[in-house]
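Asker: Following this message is one structure expressed as structure tokens.
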Amino acid sequence: MYRTQFLILALALFLTGCSGQAQPEQSSTLSSDFDREMPVFYNMPEELFSIDTCPGWNKPGQKILLTGTVYQQNGQTPAPDVILYYYQTNTNGIYACDDSEERNMPKNKLGQTHGYLRGWVKTDSKGRYSIYTTRPGSYPNRNEPAHVHVHVKEPNLKEQYYIDDIVFDNDSLLTVERRSRMENRAGSGIVKLVSQGNIYVGRRDIFLGLNIPDYPLHQTRIRLG
């Protein structure tokens with residue numbers, strides 16, 4: 001009897017330990033300060049795919065496909081089931097809100113928002129992802145290159161982390177000085193857009209943990225020697 005109880009307890013602990021593999025819970029509320037708590041999972045669908053179409057795809061602007069492969073720490077093994085959250089401005093450089101859009105994010109108490117041009121992908125068995133969207137504009141009255149923000153949620157880590165923004169190699173605002181100051185978090189975020197018919201394709205591969213300060217799996221590796 002004691003053996004059976006032990007096995008049941010062990011199984012329960014195992015299942016509890018595996019709970020970190022589950023998809024993060026959606027958040028129905030917004031933080032009062034995005035610098036403290038990013039709204040990565042706000043209005044996130046229950047089912048995610050490796051391909052996503054941004055709501056801005058049907059708006060006027062240059063159509064682009066952002067795609068690539070997410071790799072494990074060794075830089076060679078594809079990483080499946082990694083969630084990528086992205087958000088961007090519209091072609092005027094504004095994080096636009098639209099209450100009619102399902103992904104819309106209202107402003108929080110500080111007036112911050114990611115708008116409705118946002119979404120998620122979950123890498124497939126080969127670590128691949130694809131995002132169909134419209135090229136964003138740079139911020140109004142600011143000398144900032146146009147970009148797409150990306151956050152990573154790994155299945156074995158509790159917390160998400162941000163990586164280098166996706167920026168565009170032919171952006172005149174992406175100066176030599178700015179390039180030299182890039183952190184290369186999870187690899188370079190600079191993409192070259194290549195024309196393929198009516199769409200421009202940019203590849204952004206992602207290397208988990210690369211140049212991420214206090215990356216948890218680095219600490220585990222050190223403890224294990």
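Within each chain, counting starts at residue 1; across the structure tokens, chains are named A, B, ... in the order shown, with ligands numbered 1 upward in that order.
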Using DSSP assignments from the backbone, pull out every residue in region 19-132 of chain A that falls under helix (DSSP H, G or I) and give it to me as a VMD selection string.

Answerer: chain A and resid 19 to 21 55 to 58

Asker: With a cut-off of 8 Å, could you pull out the residues of region 70-124 of chain A touching region 143-160 of chain A and give me the nearest pair of atoms for each, distance in Å to one decimal, using only C-alpha atoms, ordered by chain and ascending number, as CSV?

Answerer:
residue,atom,partner,partner_atom,distance
A:Asp81,CA,A:Pro155,CA,6.6
A:Val82,CA,A:Glu154,CA,5.0
A:Ile83,CA,A:Lys153,CA,5.0
A:Leu84,CA,A:Val152,CA,4.9
A:Tyr85,CA,A:His151,CA,5.1
A:Tyr86,CA,A:Val150,CA,4.5
A:Tyr87,CA,A:His149,CA,5.4
A:Gln88,CA,A:Val148,CA,4.9
A:Thr89,CA,A:Val148,CA,7.7
A:Gly93,CA,A:Ala146,CA,7.6

Asker: Got a sec: who's within 9 Å of Arg128 (chain A), counting only C-alpha atoms, leaving out chain neighbours fewer than 3 positions off, as a PyMOL selection string?

Answerer: chain A and resi 50-51+67-70+78-80+122-125+205

Asker: Using only C-alpha atoms, can you tell me which of A:Ser31, A:Ser195, A:Gln62, A:Asn141 comes closest to Gln112 (chain A)?

Answerer: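 With only C-alpha atoms as the atom set, the closest residue is A:Ser31.
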
Asker: Fewer than 2 positions away in the same chain doesn't count, so skip those; otherwise give me all residues within 9 Å of Ser32 (chain A), counting only C-alpha atoms, as a ChimeraX atom specification.

Answerer: /A:30,34,36-37,108-112

Asker: With C-alpha atoms retained, write the just-selected residues as a compact mmCIF listing (two decimals), in the first residue's frame.

Answerer:
# COMPACT_ATOMS: atom_id res chain seq x y z
CA LEU A 30 -2.77 45.43 -18.18
CA PHE A 34 5.16 48.07 -19.12
CA ARG A 36 7.91 46.40 -14.98
CA GLU A 37 5.59 43.88 -16.58
CA ASN A 108 -2.77 51.54 -19.57
CA LYS A 109 -2.71 54.12 -16.77
CA LEU A 110 0.53 55.61 -18.13
CA GLY A 111 -0.86 55.88 -21.64
CA GLN A 112 1.24 52.96 -22.90

Asker: Extract, using only C-alpha atoms, all DNA, RNA and protein residues at most 6 Å from Ile64 (chain A), discarding same-chain residues fewer than 3 positions from it, and format them as a list in words.

Answerer: Thr133, Thr134, Ile199, Tyr200 and Val201 of chain A

Asker: Using DSSP secondary structure from the backbone, list all strand (DSSP E) positions within region 11-217 of chain A, as a ChimeraX atom specification.

Answerer: /A:51-53,63-71,83-88,118-122,128-134,147-153,161-162,166-168,190-191,194-196,199-203,206-207

Asker: Quick one, how far is CA of Gly119 (chain A) from CA of Ser172 (chain A)?

Answerer: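 Computing it gives 26.8 Å between the two atoms.
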
Asker: Which residue is closest to Pro140 (chain A)? Choose from A:Met38, A:Val191, A:Leu210, A:Ile94 and count only C-alpha atoms.

Answerer: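 The closest residue to Pro140 (chain A) is A:Ile94.
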
Asker: For region 168-171 of chain A, find every residue with an atom within 6 Å (counting only C-alpha atoms), except residues of its own chain fewer than 3 positions away, and show them as a PyMOL selection string.

Answerer: chain A and resi 174+190-192

Asker: Could the residues in this selection be written to a file with all heavy atoms, as a PDB file, in the first residue's frame?

Answerer:
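The result, stored in again.pdb:
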ATOM      1  N   LEU A 174      19.363  53.642 -39.817  1.00  0.00           N
ATOM      2  CA  LEU A 174      20.195  52.621 -39.188  1.00  0.00           C
ATOM      3  C   LEU A 174      21.661  52.925 -39.517  1.00  0.00           C
ATOM      4  O   LEU A 174      22.274  52.303 -40.385  1.00  0.00           O
ATOM      5  CB  LEU A 174      19.794  51.229 -39.681  1.00  0.00           C
ATOM      6  CG  LEU A 174      20.423  50.036 -38.956  1.00  0.00           C
ATOM      7  CD1 LEU A 174      20.042  50.038 -37.482  1.00  0.00           C
ATOM      8  CD2 LEU A 174      19.993  48.733 -39.621  1.00  0.00           C
ATOM      9  N   ILE A 190      19.199  42.672 -37.510  1.00  0.00           N
ATOM     10  CA  ILE A 190      19.202  43.348 -38.810  1.00  0.00           C
ATOM     11  C   ILE A 190      18.807  42.361 -39.903  1.00  0.00           C
ATOM     12  O   ILE A 190      19.424  41.303 -40.051  1.00  0.00           O
ATOM     13  CB  ILE A 190      20.592  43.933 -39.124  1.00  0.00           C
ATOM     14  CG1 ILE A 190      21.010  44.933 -38.041  1.00  0.00           C
ATOM     15  CG2 ILE A 190      20.597  44.603 -40.496  1.00  0.00           C
ATOM     16  CD1 ILE A 190      22.423  45.456 -38.205  1.00  0.00           C
ATOM     17  N   VAL A 191      17.782  42.698 -40.651  1.00  0.00           N
ATOM     18  CA  VAL A 191      17.346  41.828 -41.747  1.00  0.00           C
ATOM     19  C   VAL A 191      17.465  42.563 -43.074  1.00  0.00           C
ATOM     20  O   VAL A 191      17.280  43.781 -43.147  1.00  0.00           O
ATOM     21  CB  VAL A 191      15.893  41.346 -41.552  1.00  0.00           C
ATOM     22  CG1 VAL A 191      15.732  40.615 -40.237  1.00  0.00           C
ATOM     23  CG2 VAL A 191      14.910  42.499 -41.630  1.00  0.00           C
ATOM     24  N   LYS A 192      17.810  41.815 -44.094  1.00  0.00           N
ATOM     25  CA  LYS A 192      17.840  42.333 -45.459  1.00  0.00           C
ATOM     26  C   LYS A 192      16.576  41.866 -46.164  1.00  0.00           C
ATOM     27  O   LYS A 192      16.306  40.659 -46.243  1.00  0.00           O
ATOM     28  CB  LYS A 192      19.080  41.824 -46.184  1.00  0.00           C
ATOM     29  CG  LYS A 192      20.393  42.361 -45.617  1.00  0.00           C
ATOM     30  CD  LYS A 192      21.579  41.863 -46.433  1.00  0.00           C
ATOM     31  CE  LYS A 192      22.881  42.436 -45.872  1.00  0.00           C
ATOM     32  NZ  LYS A 192      24.071  41.988 -46.659  1.00  0.00           N
TER      33      LYS A 192
END

Asker: What does the structure give for the distance between CA of Gly137 (chain A) and CA of Tyr95 (chain A), in Å to one decimal?

Answerer: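 About the pair CA of Gly137 (chain A) and CA of Tyr95 (chain A): they are 10.1 Å apart.
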
Asker: What's around Leu208 (chain A) at 6 Å? Count only C-alpha atoms, leave out sequence neighbours fewer than 6 positions away in its own chain, and write the answer as a list in words.

Answerer: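 After dropping sequence-adjacent residues, the list is Gln72, Gln73 and Ala186 of chain A.
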
Asker: Residues of the last selection are to be written out with N, CA, C and O atoms, as a PDB file, in the first residue's frame.

Answerer:
ATOM      1  N   GLN A  72      18.522  26.202 -30.432  1.00  0.00           N
ATOM      2  CA  GLN A  72      18.932  25.998 -29.052  1.00  0.00           C
ATOM      3  C   GLN A  72      20.270  26.697 -28.803  1.00  0.00           C
ATOM      4  O   GLN A  72      20.853  27.279 -29.706  1.00  0.00           O
ATOM      5  N   GLN A  73      20.778  26.597 -27.576  1.00  0.00           N
ATOM      6  CA  GLN A  73      22.002  27.299 -27.201  1.00  0.00           C
ATOM      7  C   GLN A  73      23.205  26.909 -28.046  1.00  0.00           C
ATOM      8  O   GLN A  73      24.114  27.727 -28.231  1.00  0.00           O
ATOM      9  N   ALA A 186      20.114  37.376 -28.686  1.00  0.00           N
ATOM     10  CA  ALA A 186      19.606  36.237 -29.461  1.00  0.00           C
ATOM     11  C   ALA A 186      20.016  36.324 -30.926  1.00  0.00           C
ATOM     12  O   ALA A 186      19.363  35.753 -31.799  1.00  0.00           O
TER      13      ALA A 186
END
